[in-house]
Structure formats: C-alpha cells, structure tokens
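Everything below belongs to target_27.txt, which stores compact mmCIF, C-alpha atoms.
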# COMPACT_ATOMS: atom_id res chain seq x y z
CA MET A 1 0.00 0.00 0.00
CA GLU A 2 3.02 2.24 -0.43
CA TRP A 3 1.22 4.17 -3.21
CA LEU A 4 -1.18 5.61 -0.65
CA ARG A 5 1.74 7.23 1.16
CA VAL A 6 3.25 8.86 -1.90
CA GLU A 7 3.16 12.67 -1.74
CA GLN A 8 1.85 13.27 -5.23
CA TRP A 9 0.28 11.15 -7.94
CA SER A 10 0.40 11.76 -11.67
CA PRO A 11 -2.20 14.42 -12.56
CA TYR A 12 -3.59 12.03 -15.17
CA VAL A 13 -4.19 9.27 -12.63
CA VAL A 14 -5.95 11.80 -10.40
CA GLY A 15 -7.99 13.24 -13.30
CA ILE A 16 -9.08 9.82 -14.54
CA GLY A 17 -9.98 8.91 -10.95
CA ILE A 18 -12.15 12.02 -10.60
CA GLY A 19 -13.77 11.26 -13.98
CA MET A 20 -14.61 7.73 -12.80
CA LEU A 21 -15.94 9.12 -9.52
CA SER A 22 -18.32 11.26 -11.59
CA TRP A 23 -19.72 8.06 -13.17
CA VAL A 24 -20.46 6.73 -9.68
CA SER A 25 -22.09 9.99 -8.57
CA PHE A 26 -24.37 10.05 -11.62
CA VAL A 27 -25.40 6.41 -11.26
CA LEU A 28 -25.74 6.03 -7.49
CA SER A 29 -26.79 9.56 -6.54
CA ASP A 30 -28.22 11.04 -9.76
CA ARG A 31 -26.11 14.14 -9.10
CA PRO A 32 -22.96 15.73 -10.50
CA LEU A 33 -19.91 16.40 -8.30
CA ALA A 34 -20.17 20.03 -7.20
CA CYS A 35 -19.21 22.14 -4.20
CA SER A 36 -20.27 25.77 -4.12
CA ALA A 37 -24.01 25.40 -3.45
CA SER A 38 -23.04 23.80 -0.12
CA PHE A 39 -21.35 27.05 0.87
CA ALA A 40 -24.55 28.96 0.02
CA LYS A 41 -26.54 26.50 2.14
CA THR A 42 -24.08 26.87 5.02
CA SER A 43 -24.24 30.66 4.90
CA GLY A 44 -28.03 30.30 5.01
CA MET A 45 -27.76 28.06 8.08
CA ILE A 46 -25.50 30.60 9.81
CA GLU A 47 -27.82 33.47 8.87
CA ARG A 48 -30.77 31.50 10.25
CA LEU A 49 -28.87 30.98 13.50
CA PHE A 50 -28.60 34.75 14.01
CA ARG A 51 -31.72 36.11 12.34
CA GLY A 52 -34.20 33.28 12.73
CA LYS A 53 -36.42 31.27 10.44
CA LYS A 54 -37.66 34.28 8.48
CA ILE A 55 -34.52 34.20 6.32
CA GLU A 56 -35.89 31.00 4.74
CA GLN A 57 -38.36 33.30 2.93
CA LYS A 58 -35.51 34.94 0.99
CA PRO A 59 -35.94 34.01 -2.69
CA TYR A 60 -32.42 32.58 -2.88
CA TYR A 61 -32.91 30.30 0.12
CA GLN A 62 -36.20 29.14 -1.39
CA LYS A 63 -34.16 27.98 -4.35
CA PHE A 64 -31.28 26.59 -2.24
CA PRO A 65 -32.82 25.69 1.15
CA PRO A 66 -30.31 25.89 4.01
CA THR A 67 -30.33 22.17 4.77
CA ILE A 68 -27.77 19.37 4.89
CA ASP A 69 -27.96 17.35 1.69
CA TRP A 70 -25.85 15.02 -0.46
CA GLN A 71 -23.58 17.77 -1.76
CA TRP A 72 -23.08 19.26 1.70
CA MET A 73 -21.85 15.87 2.89
CA LEU A 74 -19.62 15.68 -0.19
CA VAL A 75 -17.78 18.84 0.90
CA VAL A 76 -17.38 17.48 4.45
CA GLY A 77 -15.99 14.34 2.84
CA VAL A 78 -13.48 16.38 0.81
CA ILE A 79 -12.05 17.81 4.06
CA ILE A 80 -11.77 14.30 5.54
CA GLY A 81 -10.34 12.74 2.36
CA ALA A 82 -7.67 15.43 1.98
CA PHE A 83 -6.83 15.03 5.68
CA ILE A 84 -6.36 11.26 5.29
CA SER A 85 -4.22 11.70 2.18
CA ALA A 86 -2.06 14.41 3.78
CA LYS A 87 -1.64 12.38 6.98
CA LEU A 88 -0.58 9.27 5.02
CA SER A 89 2.10 11.19 3.13
CA GLY A 90 3.19 13.22 6.15
CA GLN A 91 2.14 16.49 4.49
CA PHE A 92 -0.41 17.54 7.10
CA GLN A 93 0.74 20.78 8.65
CA PHE A 94 -1.01 23.84 10.09
CA SER A 95 0.09 26.83 8.08
CA TRP A 96 -1.02 30.41 7.52
CA VAL A 97 1.20 31.48 4.65
CA PRO A 98 1.74 29.27 1.55
CA ALA A 99 5.42 28.85 0.52
CA GLN A 100 4.98 30.59 -2.83
CA TRP A 101 3.12 33.51 -1.25
CA LYS A 102 6.02 33.90 1.23
CA ILE A 103 8.47 34.18 -1.67
CA MET A 104 6.34 36.45 -3.86
CA VAL A 105 4.57 38.65 -1.27
CA SER A 106 5.44 38.50 2.44
CA ASP A 107 5.44 36.22 5.47
CA SER A 108 2.82 38.29 7.27
CA HIS A 109 -0.11 36.16 8.48
CA PHE A 110 -2.36 39.22 8.48
CA VAL A 111 -1.71 40.21 4.87
CA ARG A 112 -2.28 36.66 3.63
CA TRP A 113 -5.45 36.34 5.72
CA LEU A 114 -6.83 39.65 4.45
CA VAL A 115 -6.19 38.86 0.78
CA ALA A 116 -7.55 35.31 1.16
CA LEU A 117 -10.67 36.70 2.85
CA ALA A 118 -11.21 39.29 0.10
CA GLY A 119 -10.61 36.63 -2.54
CA GLY A 120 -13.05 34.31 -0.79
CA VAL A 121 -15.81 36.94 -0.68
CA ILE A 122 -15.40 37.71 -4.39
CA MET A 123 -15.22 34.00 -5.24
CA GLY A 124 -18.34 33.14 -3.21
CA LEU A 125 -20.24 35.92 -4.94
CA GLY A 126 -19.00 34.89 -8.37
CA ALA A 127 -19.65 31.17 -7.82
CA ARG A 128 -23.31 31.74 -6.99
CA TRP A 129 -23.59 34.39 -9.71
CA ALA A 130 -22.38 31.89 -12.30
CA GLY A 131 -24.35 29.05 -10.67
CA GLY A 132 -21.35 26.83 -9.96
CA CYS A 133 -17.64 26.55 -9.32
CA THR A 134 -14.59 24.76 -10.69
CA SER A 135 -16.19 21.41 -9.77
CA GLY A 136 -19.85 21.94 -10.70
CA HIS A 137 -19.18 23.88 -13.88
CA GLY A 138 -15.48 23.22 -14.50
CA ILE A 139 -15.60 19.43 -14.32
CA SER A 140 -19.20 18.14 -14.02
CA GLY A 141 -20.82 20.66 -16.36
CA THR A 142 -18.17 20.62 -19.06
CA LEU A 143 -18.14 16.81 -19.14
CA GLN A 144 -21.88 16.93 -19.85
CA LEU A 145 -21.14 19.42 -22.66
CA ALA A 146 -23.28 22.13 -21.03
CA VAL A 147 -22.87 25.48 -22.79
CA SER A 148 -23.30 27.40 -19.50
CA SER A 149 -20.47 25.38 -17.94
CA TRP A 150 -18.00 25.80 -20.81
CA LEU A 151 -18.60 29.57 -20.78
CA ALA A 152 -18.25 29.70 -16.98
CA ALA A 153 -15.13 27.50 -16.90
CA VAL A 154 -13.34 29.57 -19.53
CA SER A 155 -14.35 32.75 -17.67
CA PHE A 156 -13.00 31.35 -14.36
CA PHE A 157 -9.57 30.92 -15.92
CA VAL A 158 -9.60 34.14 -17.95
CA GLY A 159 -10.46 36.09 -14.76
CA GLY A 160 -8.04 34.07 -12.63
CA ILE A 161 -5.08 34.32 -15.01
CA ALA A 162 -5.68 38.07 -15.54
CA THR A 163 -5.87 38.69 -11.78
CA ALA A 164 -2.81 36.58 -10.91
CA MET A 165 -0.76 38.16 -13.72
CA LEU A 166 -1.82 41.66 -12.66
CA ILE A 167 -0.85 41.04 -9.03
CA PHE A 168 2.39 39.12 -9.48
CA LYS A 169 3.70 40.32 -12.84
CA VAL A 170 2.60 43.98 -12.76
CA LEU A 171 1.83 45.27 -9.25
CA LEU A 172 4.49 43.33 -7.31
CA ARG A 173 7.25 43.46 -9.89
CA MET B 1 -33.61 -0.30 -8.39
CA LEU B 2 -31.48 2.83 -8.90
CA LYS B 3 -34.53 5.05 -8.26
CA ALA B 4 -34.95 3.30 -4.90
CA ILE B 5 -31.35 4.10 -4.02
CA HIS B 6 -31.75 7.74 -5.11
CA SER B 7 -34.77 8.24 -2.87
CA LYS B 8 -33.19 6.90 0.34
CA LYS B 9 -32.20 10.11 2.09
CA GLY B 10 -29.92 8.69 4.77
CA LEU B 11 -28.14 6.44 2.29
CA GLN B 12 -27.58 9.43 -0.03
CA LEU B 13 -26.01 11.46 2.78
CA LEU B 14 -23.65 8.55 3.45
CA LEU B 15 -22.85 8.16 -0.26
CA GLY B 16 -22.16 11.90 -0.48
CA LEU B 17 -19.74 11.63 2.42
CA LEU B 18 -17.97 8.59 0.95
CA MET B 19 -17.67 10.11 -2.53
CA GLY B 20 -16.42 13.33 -0.91
CA ILE B 21 -13.70 11.38 0.91
CA VAL B 22 -12.54 9.86 -2.39
CA PHE B 23 -12.75 13.27 -4.10
CA GLY B 24 -10.75 14.99 -1.34
CA PHE B 25 -8.19 12.20 -1.30
CA LEU B 26 -7.67 12.54 -5.07
CA LEU B 27 -7.48 16.36 -4.95
CA GLN B 28 -4.82 16.18 -2.23
CA LYS B 29 -2.84 13.49 -4.04
CA GLY B 30 -3.04 15.64 -7.18
CA GLY B 31 -1.46 18.56 -5.33
CA VAL B 32 -4.32 20.93 -6.12
CA THR B 33 -5.22 21.50 -2.48
CA ARG B 34 -2.02 23.60 -2.35
CA TYR B 35 -1.98 27.33 -3.08
CA ASP B 36 1.41 27.03 -4.79
CA VAL B 37 0.07 24.62 -7.43
CA ILE B 38 -3.08 26.62 -8.20
CA ILE B 39 -1.32 29.99 -8.41
CA GLY B 40 1.29 28.28 -10.61
CA GLN B 41 -1.52 27.37 -13.00
CA LEU B 42 -2.89 30.92 -13.06
CA LEU B 43 0.64 32.25 -13.70
CA LEU B 44 0.99 29.58 -16.44
CA THR B 45 4.10 28.01 -14.92
CA ASP B 46 2.51 24.77 -13.61
CA PHE B 47 -0.20 22.96 -15.59
CA THR B 48 -1.25 20.42 -12.94
CA VAL B 49 -4.74 21.93 -12.54
CA VAL B 50 -5.48 21.86 -16.27
CA LYS B 51 -4.11 18.32 -16.62
CA ILE B 52 -6.32 17.03 -13.81
CA MET B 53 -9.44 18.87 -14.96
CA LEU B 54 -9.16 17.93 -18.62
CA SER B 55 -8.39 14.26 -18.00
CA ALA B 56 -11.37 14.15 -15.60
CA VAL B 57 -13.54 15.76 -18.27
CA VAL B 58 -12.54 13.27 -21.00
CA THR B 59 -13.00 10.26 -18.69
CA GLY B 60 -16.22 11.57 -17.23
CA MET B 61 -17.71 12.61 -20.57
CA ILE B 62 -17.25 9.26 -22.31
CA GLY B 63 -18.45 7.28 -19.28
CA VAL B 64 -21.43 9.44 -18.39
CA TYR B 65 -22.72 9.57 -21.97
CA ILE B 66 -22.37 5.76 -22.28
CA LEU B 67 -24.21 5.33 -18.95
CA LYS B 68 -26.89 7.71 -20.21
CA SER B 69 -27.31 5.78 -23.47
CA VAL B 70 -27.86 2.51 -21.57
CA GLY B 71 -30.31 4.19 -19.19
CA LEU B 72 -28.17 4.11 -16.05
CA ALA B 73 -27.68 7.87 -15.76
CA ARG B 74 -29.37 11.08 -16.78
CA LEU B 75 -27.81 14.45 -17.45
CA ASN B 76 -28.09 17.39 -15.10
CA ILE B 77 -27.50 20.45 -17.28
CA LYS B 78 -27.38 23.89 -15.66
CA ASP B 79 -29.09 26.73 -17.45
CA GLY B 80 -27.14 29.87 -18.13
CA SER B 81 -26.89 33.28 -19.70
CA ILE B 82 -24.09 35.58 -20.74
CA GLY B 83 -24.85 37.77 -17.71
CA ALA B 84 -24.66 34.80 -15.30
CA SER B 85 -22.09 32.43 -16.80
CA VAL B 86 -19.57 34.93 -18.22
CA VAL B 87 -19.94 37.86 -15.80
CA GLY B 88 -20.23 35.54 -12.78
CA GLY B 89 -17.34 33.45 -14.12
CA LEU B 90 -15.10 36.50 -14.42
CA ILE B 91 -15.99 37.64 -10.87
CA PHE B 92 -15.17 34.12 -9.65
CA GLY B 93 -11.86 34.35 -11.53
CA VAL B 94 -10.84 37.52 -9.67
CA GLY B 95 -11.48 35.71 -6.39
CA PHE B 96 -9.60 32.66 -7.73
CA GLY B 97 -6.51 34.78 -8.44
CA LEU B 98 -6.58 36.37 -4.98
CA LEU B 99 -7.41 33.30 -2.91
CA GLY B 100 -5.52 30.66 -4.87
CA TYR B 101 -8.03 27.93 -3.99
CA CYS B 102 -11.53 27.19 -5.30
CA PRO B 103 -14.58 26.11 -3.25
CA GLY B 104 -13.70 22.40 -3.58
CA THR B 105 -9.95 22.65 -3.18
CA VAL B 106 -10.26 25.09 -0.25
CA ALA B 107 -12.11 22.32 1.62
CA GLY B 108 -9.19 20.02 0.78
CA ALA B 109 -6.71 22.69 1.84
CA VAL B 110 -8.45 22.94 5.22
CA GLY B 111 -8.11 19.15 5.52
CA GLN B 112 -4.36 19.39 5.15
CA GLY B 113 -4.06 22.17 7.72
CA SER B 114 -4.29 25.40 5.72
CA LEU B 115 -5.43 28.17 8.07
CA ASP B 116 -5.52 30.85 5.35
CA GLY B 117 -7.89 28.47 3.55
CA LEU B 118 -10.10 28.10 6.63
CA PHE B 119 -10.21 31.60 8.14
CA GLY B 120 -9.69 33.46 4.88
CA GLY B 121 -11.08 31.28 2.10
CA VAL B 122 -13.98 29.44 3.72
CA VAL B 123 -15.14 32.43 5.80
CA GLY B 124 -14.87 34.68 2.74
CA ILE B 125 -16.79 32.32 0.46
CA LEU B 126 -19.57 32.04 3.06
CA LEU B 127 -19.75 35.85 3.24
CA GLY B 128 -19.77 36.12 -0.54
CA CYS B 129 -22.64 33.63 -0.74
CA ALA B 130 -24.61 35.61 1.86
CA ILE B 131 -24.06 38.81 -0.13
CA PHE B 132 -25.29 37.04 -3.25
CA ALA B 133 -28.40 35.77 -1.46
CA ALA B 134 -29.12 39.34 -0.36
CA ILE B 135 -28.81 40.92 -3.81
CA TYR B 136 -30.25 37.95 -5.73
CA PRO B 137 -33.80 39.37 -6.10
CA ARG B 138 -32.41 42.39 -7.96
CA LEU B 139 -29.89 40.45 -10.06
CA GLU B 140 -32.49 37.86 -10.99
CA LYS B 141 -34.61 40.41 -12.84
CA GLY B 142 -31.61 42.08 -14.42
CA ILE B 143 -28.12 40.92 -15.33
CA LEU B 144 -28.68 37.20 -14.68
CA ARG B 145 -31.26 37.16 -17.50
CA TRP B 146 -29.08 39.03 -19.95
CA GLY B 147 -28.37 36.82 -22.97
CA TYR B 148 -30.32 33.88 -21.49
CA PHE B 149 -29.90 30.61 -23.41
CA GLY B 150 -31.28 28.02 -20.98
CA GLU B 151 -30.30 24.39 -20.40
CA VAL B 152 -28.55 23.84 -23.70
CA THR B 153 -25.67 21.49 -24.59
CA LEU B 154 -22.96 21.98 -27.21
CA PRO B 155 -24.43 19.31 -29.57
CA GLN B 156 -27.82 21.06 -29.39
CA LEU B 157 -26.22 24.46 -29.98
CA ILE B 158 -24.21 23.52 -33.05
CA LYS B 159 -26.77 20.91 -34.22
CA LEU B 160 -24.31 18.04 -34.50
CA ASN B 161 -24.64 14.41 -33.38
CA THR B 162 -23.72 14.07 -29.68
CA TRP B 163 -21.09 11.37 -30.27
CA VAL B 164 -19.45 13.43 -33.03
CA VAL B 165 -19.14 16.36 -30.61
CA ILE B 166 -17.80 14.06 -27.87
CA GLY B 167 -15.21 12.70 -30.33
CA LEU B 168 -14.15 16.18 -31.41
CA VAL B 169 -13.96 17.60 -27.87
CA CYS B 170 -12.01 14.59 -26.56
CA ALA B 171 -9.61 14.72 -29.52
CA ALA B 172 -9.04 18.45 -28.97
CA ILE B 173 -8.40 17.92 -25.24
CA VAL B 174 -5.99 15.01 -25.81
CA ALA B 175 -4.13 17.06 -28.45
CA LEU B 176 -3.90 20.00 -26.03
CA LEU B 177 -2.57 17.75 -23.24
CA PHE B 178 0.03 16.27 -25.61
CA GLY B 179 1.01 19.82 -26.56
CA ILE B 180 1.40 20.82 -22.91
CA GLU B 181 3.59 17.75 -22.23
CA LYS B 182 5.64 18.34 -25.37
CA ALA B 183 6.23 21.97 -24.42
CA GLY B 184 7.76 20.63 -21.19
CA TYR B 185 5.14 21.76 -18.63
If you took the structure in this file and wrote it as structure tokens, what would it be?
Amino acid sequence: MEWLRVEQWSPYVVGIGIGMLSWVSFVLSDRPLACSASFAKTSGMIERLFRGKKIEQKPYYQKFPPTIDWQWMLVVGVIIGAFISAKLSGQFQFSWVPAQWKIMVSDSHFVRWLVALAGGVIMGLGARWAGGCTSGHGISGTLQLAVSSWLAAVSFFVGGIATAMLIFKVLLR
Amino acid sequence: MLKAIHSKKGLQLLLGLLMGIVFGFLLQKGGVTRYDVIIGQLLLTDFTVVKIMLSAVVTGMIGVYILKSVGLARLNIKDGSIGASVVGGLIFGVGFGLLGYCPGTVAGAVGQGSLDGLFGGVVGILLGCAIFAAIYPRLEKGILRWGYFGEVTLPQLIKLNTWVVIGLVCAAIVALLFGIEKAGY
C-alpha cells in the first residue's frame, strides 16, 4: 500500500480517478460532483442561527434551502479525504502562509489572511452568480457538454489568469 | 432499483460523504489543495490543474454519456446566460486569483491544515454567498437574465450528433494535453 503514502500522484491518474468518480455519482446519486451550493446553504444556516427562520423566505434560500444534503456531505468528505491523504504522506501541517506567497509577497499572516478573505468573498459571490464553481461547472458541467459550464469554466480561468498576472507580474514586480 | 437508491435520504447522505472522501483524497494526491500549485496554474508556470481537470472531463464525458445511453444515468445540465455564466465566471476568476483555492480545493486545503484556507477562504466564500443571497432578487430580474440561453448542450447548440461532438472535444483535449507535455510543462 506504499502508493497511498506517496506525496503526489500523476495528474492524469488523479484526473481519470475524478472522472470515474463522476460516473459513480451520476449512477448512485443522480447528481454531479459540485461544491459551491453547499457554501450557500451553510451561509443560510449561519444566517438562520442569528436572524431566525424568516430568512428562509428569501428568494435565494427558497431555491437553495439551508439544509444538509448530499452535496453538503460531499464537501465534508473532501475535508476528511484530503486530511487522510495528507496524513498518510506526512504532508499535514497547520500553516497560515503558503510557501509561494512567502516568496512572492510576504510572510505576514495578516496580509495573507486579508487577501484570502477578500478573494473568498469575491469567489463566493462569483460562484453563486455563475451558478457553480470549478467542480460543478469546471468538471461536471463541461463533461456533460453544457454550454453554460464551458462559458463559466473559460471565464474562471480568464479572470483568474488576468488577476494573478496583474498582481504578481505587474503590481508586485 | 437505482430510483430506490436515489430516494433513500440517509443512504444518499452517506454516499455523499464517501464520494467526498474519495474526491478529497484525489485532490490532495493531485497537489491541487495547495496554493502554490493553483497559483502556478494561473501564472501559467505549472499545468497540474489543467491536466487534472481535462483528463477528468474526457473520462467523465465518455463514461457518463455511455451510462446515459444505456439508461443508467441522466444528465443534469445547468441553465445559463451571458450575464450569469460569463460575468459571474469573471468575478469568480478575480477571487480565484486572490485566494488561490476554489470552493472544492479550499475544503481540501483545510483538511491538510491550511489556516488561510479556513479563516480566509472558507469564511470569505460564506460571506460572498450571503451577499449574493441578499442581492439575488435584484440580479435575478436584471443581469442574470441578460443573454439567457437556458439548459442547452454543445451538440444542441451547433446541431451536430452528440457522439461526433464528444469525439471532437475529446480529440481536442488530448491534443492539447500532448502539446502541454511536449512543451515541457
């Protein structure tokens, strides 16, 4: 079982594995692999905790009720699966600042936290705006040949590449 | 038989969890739960993300369409519009470039101990979703409808046989991956 302890697998083995996992999810659960709606549901649950049941009347929460469902459990599973994999290869480590960020920007925890938070807010907004993320549109939607997903996936990378280039090749040069 | 499995709520929650564990395990083994790998993709110096996504798409596409043709699966196509898919996609991209994780890989990053992923990424995405839920009624009547095209697939759009389109898309993806490898990335 040494292969389970290896730090990194070939990207093609991983990609083919994810593709095969999508077969299983379509057959056994009648659902595509996707992640971002679970975040919307979670934010609805948190909002309900503070502001009560009336938030369930919001049009968006009527469409995506703040409840635990298959996809919500999928995201919990992703945390657990990555934890198991990282533990097996000895890569699990608490860290605030990624190595590359340290080299390119700074080793300040605060700066990294602030930028990650801002990025997260914009990403959460954009994911729900587009109706999916890199999993739901980028993998599951494109593999079904959905036009919405191909447009969204290309836009994710156009926006992402432009932003990363602007920050690291222009602003921080 | 499959319908019976789909309608068992508790079983589906368990299946979701199990498939998530496999998904998270694969994402971590692929290296894409690390900021360094994702930002490398966006700076076009590391093509791991594209290699994983495109090989998943080819594998998934062929399998899911075969399963559909034998009646074991049905498609789940999201509707879209220029205002939702492209504008929303570009907004997502800005967040992608800043955060360096996406909603799935940030969960994986948390699993391997990333605190910027947890307190920055996850908290931020939850806030962003709440903001979207608050402004949704206004967007729904406006920009999200702009250029609406509905639940359409590429074969329907270009009026070609589904298997011809699958063949062409898979060939293009395989050629692109060969090109990336040949260029030394």
Taking a cut-off of 9 Å and counting all atoms listed in the file, can you build a table that, for each residue of region 76-168 of chain B near region 20-37 of chain B, reports the nearest atom pair and how far apart they are in Å (one decimal), sorted by chain then residue number, as a tab-separated table?
residue	atom	partner	partner_atom	distance
B:Leu99	CA	B:Tyr35	CA	8.1
B:Gly100	CA	B:Tyr35	CA	5.2
B:Tyr101	CA	B:Tyr35	CA	6.1
B:Cys102	CA	B:Thr33	CA	9.0
B:Gly104	CA	B:Gly24	CA	8.3
B:Thr105	CA	B:Thr33	CA	4.9
B:Val106	CA	B:Thr33	CA	6.6
B:Ala107	CA	B:Gly24	CA	8.0
B:Gly108	CA	B:Thr33	CA	5.3
B:Ala109	CA	B:Thr33	CA	4.7
B:Val110	CA	B:Thr33	CA	8.5
B:Gly111	CA	B:Gly24	CA	8.4
B:Gln112	CA	B:Thr33	CA	8.0
B:Ser114	CA	B:Arg34	CA	8.6
B:Gly117	CA	B:Tyr35	CA	9.0
File of the preceding selection, C-alpha atoms, as a PDB file, in the coordinates of the input:
ATOM      1  CA  LEU B  99      -7.410  33.300  -2.910  1.00  0.00           C
ATOM      2  CA  GLY B 100      -5.520  30.660  -4.870  1.00  0.00           C
ATOM      3  CA  TYR B 101      -8.030  27.930  -3.990  1.00  0.00           C
ATOM      4  CA  CYS B 102     -11.530  27.190  -5.300  1.00  0.00           C
ATOM      5  CA  GLY B 104     -13.700  22.400  -3.580  1.00  0.00           C
ATOM      6  CA  THR B 105      -9.950  22.650  -3.180  1.00  0.00           C
ATOM      7  CA  VAL B 106     -10.260  25.090  -0.250  1.00  0.00           C
ATOM      8  CA  ALA B 107     -12.110  22.320   1.620  1.00  0.00           C
ATOM      9  CA  GLY B 108      -9.190  20.020   0.780  1.00  0.00           C
ATOM     10  CA  ALA B 109      -6.710  22.690   1.840  1.00  0.00           C
ATOM     11  CA  VAL B 110      -8.450  22.940   5.220  1.00  0.00           C
ATOM     12  CA  GLY B 111      -8.110  19.150   5.520  1.00  0.00           C
ATOM     13  CA  GLN B 112      -4.360  19.390   5.150  1.00  0.00           C
ATOM     14  CA  SER B 114      -4.290  25.400   5.720  1.00  0.00           C
ATOM     15  CA  GLY B 117      -7.890  28.470   3.550  1.00  0.00           C
TER      16      GLY B 117
END
Practice prompt. List the neighbours of region 112-125 of chain A out to 8 Å using all atoms listed in the file; skip same-chain residues closer than 5 positions along the sequence, and give me the result as an MDAnalysis selection string.
Written response: (chainID A and resid 36 39 96:97 101 107) or (chainID B and resid 88 91:100 102:103 116:117 119:129 131:132)
Worksheet item: Can you find the residues with an atom no farther than 9 Å from (-23.2, 28.2, -21.3), counting only C-alpha atoms, and report them as a PyMOL selection string?
Response: (chain A and resi 146-152) or (chain B and resi 78-82+85-86+149-154)
Worksheet item: What separation in Å, quoted to one decimal, exists between CA of Val6 (chain A) and CA of Thr59 (chain B)?
Response: 23.4 Å
Discussion item. Counting all atoms listed in the file, find residues at most 10 Å from (-17.6, 19.5, -25.7) (file frame) and give them as a VMD selection string.
Written reply: (chain A and resid 141 to 147 150) or (chain B and resid 57 to 58 61 153 to 155 162 to 170 172 to 173)
Discussion item. One number please: CA of Leu75 (chain B) to CA of Phe26 (chain A), in Å, one decimal.
Written reply: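 Straight-line distance from CA of Leu75 (chain B) to CA of Phe26 (chain A) works out to 8.1 Å.
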Fill in: Spatial neighbours of Ser55 (chain B), max dist 10 Å, all atoms listed in the file, sep filter under 5 positions, as JSON, numbers by chain
{"A": [11, 12, 13, 14, 15, 16, 17, 18, 19, 139], "B": [50, 60, 61, 170, 173, 174, 177]}
I'd like the contact shell of Gln12 (chain B) - 7 Å cut-off, all atoms listed in the file, skipping same-chain residues fewer than 5 positions apart - returned as a PDB file with C-alpha atoms, in the coordinates of the input.
ATOM      1  CA  SER A  29     -26.790   9.560  -6.540  1.00  0.00           C
ATOM      2  CA  TRP A  70     -25.850  15.020  -0.460  1.00  0.00           C
TER       3      TRP A  70
ATOM      4  CA  HIS B   6     -31.750   7.740  -5.110  1.00  0.00           C
TER       5      HIS B   6
END
May I ask you to restore N, CA and C atoms in region 75-96 of chain B and write the result as a PDB file, keeping the file's coordinate frame?
ATOM      1  N   LEU B  75     -28.605  13.226 -17.540  1.00  0.00           N
ATOM      2  CA  LEU B  75     -27.810  14.450 -17.450  1.00  0.00           C
ATOM      3  C   LEU B  75     -28.455  15.428 -16.473  1.00  0.00           C
ATOM      4  N   ASN B  76     -27.648  16.360 -16.021  1.00  0.00           N
ATOM      5  CA  ASN B  76     -28.090  17.390 -15.100  1.00  0.00           C
ATOM      6  C   ASN B  76     -27.455  18.694 -15.575  1.00  0.00           C
ATOM      7  N   ILE B  77     -28.084  19.282 -16.611  1.00  0.00           N
ATOM      8  CA  ILE B  77     -27.500  20.450 -17.280  1.00  0.00           C
ATOM      9  C   ILE B  77     -27.963  21.733 -16.583  1.00  0.00           C
ATOM     10  N   LYS B  78     -27.006  22.612 -16.273  1.00  0.00           N
ATOM     11  CA  LYS B  78     -27.380  23.890 -15.660  1.00  0.00           C
ATOM     12  C   LYS B  78     -27.743  24.896 -16.754  1.00  0.00           C
ATOM     13  N   ASP B  79     -28.779  25.682 -16.484  1.00  0.00           N
ATOM     14  CA  ASP B  79     -29.090  26.730 -17.450  1.00  0.00           C
ATOM     15  C   ASP B  79     -28.081  27.864 -17.299  1.00  0.00           C
ATOM     16  N   GLY B  80     -28.104  28.789 -18.221  1.00  0.00           N
ATOM     17  CA  GLY B  80     -27.140  29.870 -18.130  1.00  0.00           C
ATOM     18  C   GLY B  80     -27.505  31.019 -19.031  1.00  0.00           C
ATOM     19  N   SER B  81     -26.739  32.083 -18.869  1.00  0.00           N
ATOM     20  CA  SER B  81     -26.890  33.280 -19.700  1.00  0.00           C
ATOM     21  C   SER B  81     -25.526  33.937 -19.767  1.00  0.00           C
ATOM     22  N   ILE B  82     -25.359  34.868 -20.691  1.00  0.00           N
ATOM     23  CA  ILE B  82     -24.090  35.580 -20.740  1.00  0.00           C
ATOM     24  C   ILE B  82     -23.869  36.333 -19.425  1.00  0.00           C
ATOM     25  N   GLY B  83     -24.944  36.984 -18.951  1.00  0.00           N
ATOM     26  CA  GLY B  83     -24.850  37.770 -17.710  1.00  0.00           C
ATOM     27  C   GLY B  83     -24.511  36.926 -16.495  1.00  0.00           C
ATOM     28  N   ALA B  84     -24.968  35.674 -16.442  1.00  0.00           N
ATOM     29  CA  ALA B  84     -24.660  34.800 -15.300  1.00  0.00           C
ATOM     30  C   ALA B  84     -23.341  34.076 -15.523  1.00  0.00           C
ATOM     31  N   SER B  85     -23.235  33.321 -16.617  1.00  0.00           N
ATOM     32  CA  SER B  85     -22.090  32.430 -16.800  1.00  0.00           C
ATOM     33  C   SER B  85     -20.784  33.216 -17.024  1.00  0.00           C
ATOM     34  N   VAL B  86     -20.812  34.207 -17.902  1.00  0.00           N
ATOM     35  CA  VAL B  86     -19.570  34.930 -18.220  1.00  0.00           C
ATOM     36  C   VAL B  86     -19.247  35.962 -17.153  1.00  0.00           C
ATOM     37  N   VAL B  87     -20.223  36.822 -16.811  1.00  0.00           N
ATOM     38  CA  VAL B  87     -19.940  37.860 -15.800  1.00  0.00           C
ATOM     39  C   VAL B  87     -19.635  37.199 -14.453  1.00  0.00           C
ATOM     40  N   GLY B  88     -20.472  36.242 -14.040  1.00  0.00           N
ATOM     41  CA  GLY B  88     -20.230  35.540 -12.780  1.00  0.00           C
ATOM     42  C   GLY B  88     -18.902  34.790 -12.809  1.00  0.00           C
ATOM     43  N   GLY B  89     -18.599  34.181 -13.968  1.00  0.00           N
ATOM     44  CA  GLY B  89     -17.340  33.450 -14.120  1.00  0.00           C
ATOM     45  C   GLY B  89     -16.129  34.354 -13.959  1.00  0.00           C
ATOM     46  N   LEU B  90     -16.227  35.561 -14.530  1.00  0.00           N
ATOM     47  CA  LEU B  90     -15.100  36.500 -14.420  1.00  0.00           C
ATOM     48  C   LEU B  90     -14.940  36.990 -12.979  1.00  0.00           C
ATOM     49  N   ILE B  91     -16.063  37.240 -12.286  1.00  0.00           N
ATOM     50  CA  ILE B  91     -15.990  37.640 -10.870  1.00  0.00           C
ATOM     51  C   ILE B  91     -15.326  36.520 -10.070  1.00  0.00           C
ATOM     52  N   PHE B  92     -15.771  35.291 -10.304  1.00  0.00           N
ATOM     53  CA  PHE B  92     -15.170  34.120  -9.650  1.00  0.00           C
ATOM     54  C   PHE B  92     -13.660  34.105  -9.900  1.00  0.00           C
ATOM     55  N   GLY B  93     -13.274  34.373 -11.158  1.00  0.00           N
ATOM     56  CA  GLY B  93     -11.860  34.350 -11.530  1.00  0.00           C
ATOM     57  C   GLY B  93     -11.025  35.332 -10.723  1.00  0.00           C
ATOM     58  N   VAL B  94     -11.566  36.533 -10.478  1.00  0.00           N
ATOM     59  CA  VAL B  94     -10.840  37.520  -9.670  1.00  0.00           C
ATOM     60  C   VAL B  94     -10.591  36.951  -8.274  1.00  0.00           C
ATOM     61  N   GLY B  95     -11.637  36.332  -7.704  1.00  0.00           N
ATOM     62  CA  GLY B  95     -11.480  35.710  -6.390  1.00  0.00           C
ATOM     63  C   GLY B  95     -10.477  34.564  -6.426  1.00  0.00           C
ATOM     64  N   PHE B  96     -10.512  33.799  -7.507  1.00  0.00           N
ATOM     65  CA  PHE B  96      -9.600  32.660  -7.730  1.00  0.00           C
ATOM     66  C   PHE B  96      -8.147  33.143  -7.677  1.00  0.00           C
TER      67      PHE B  96
END
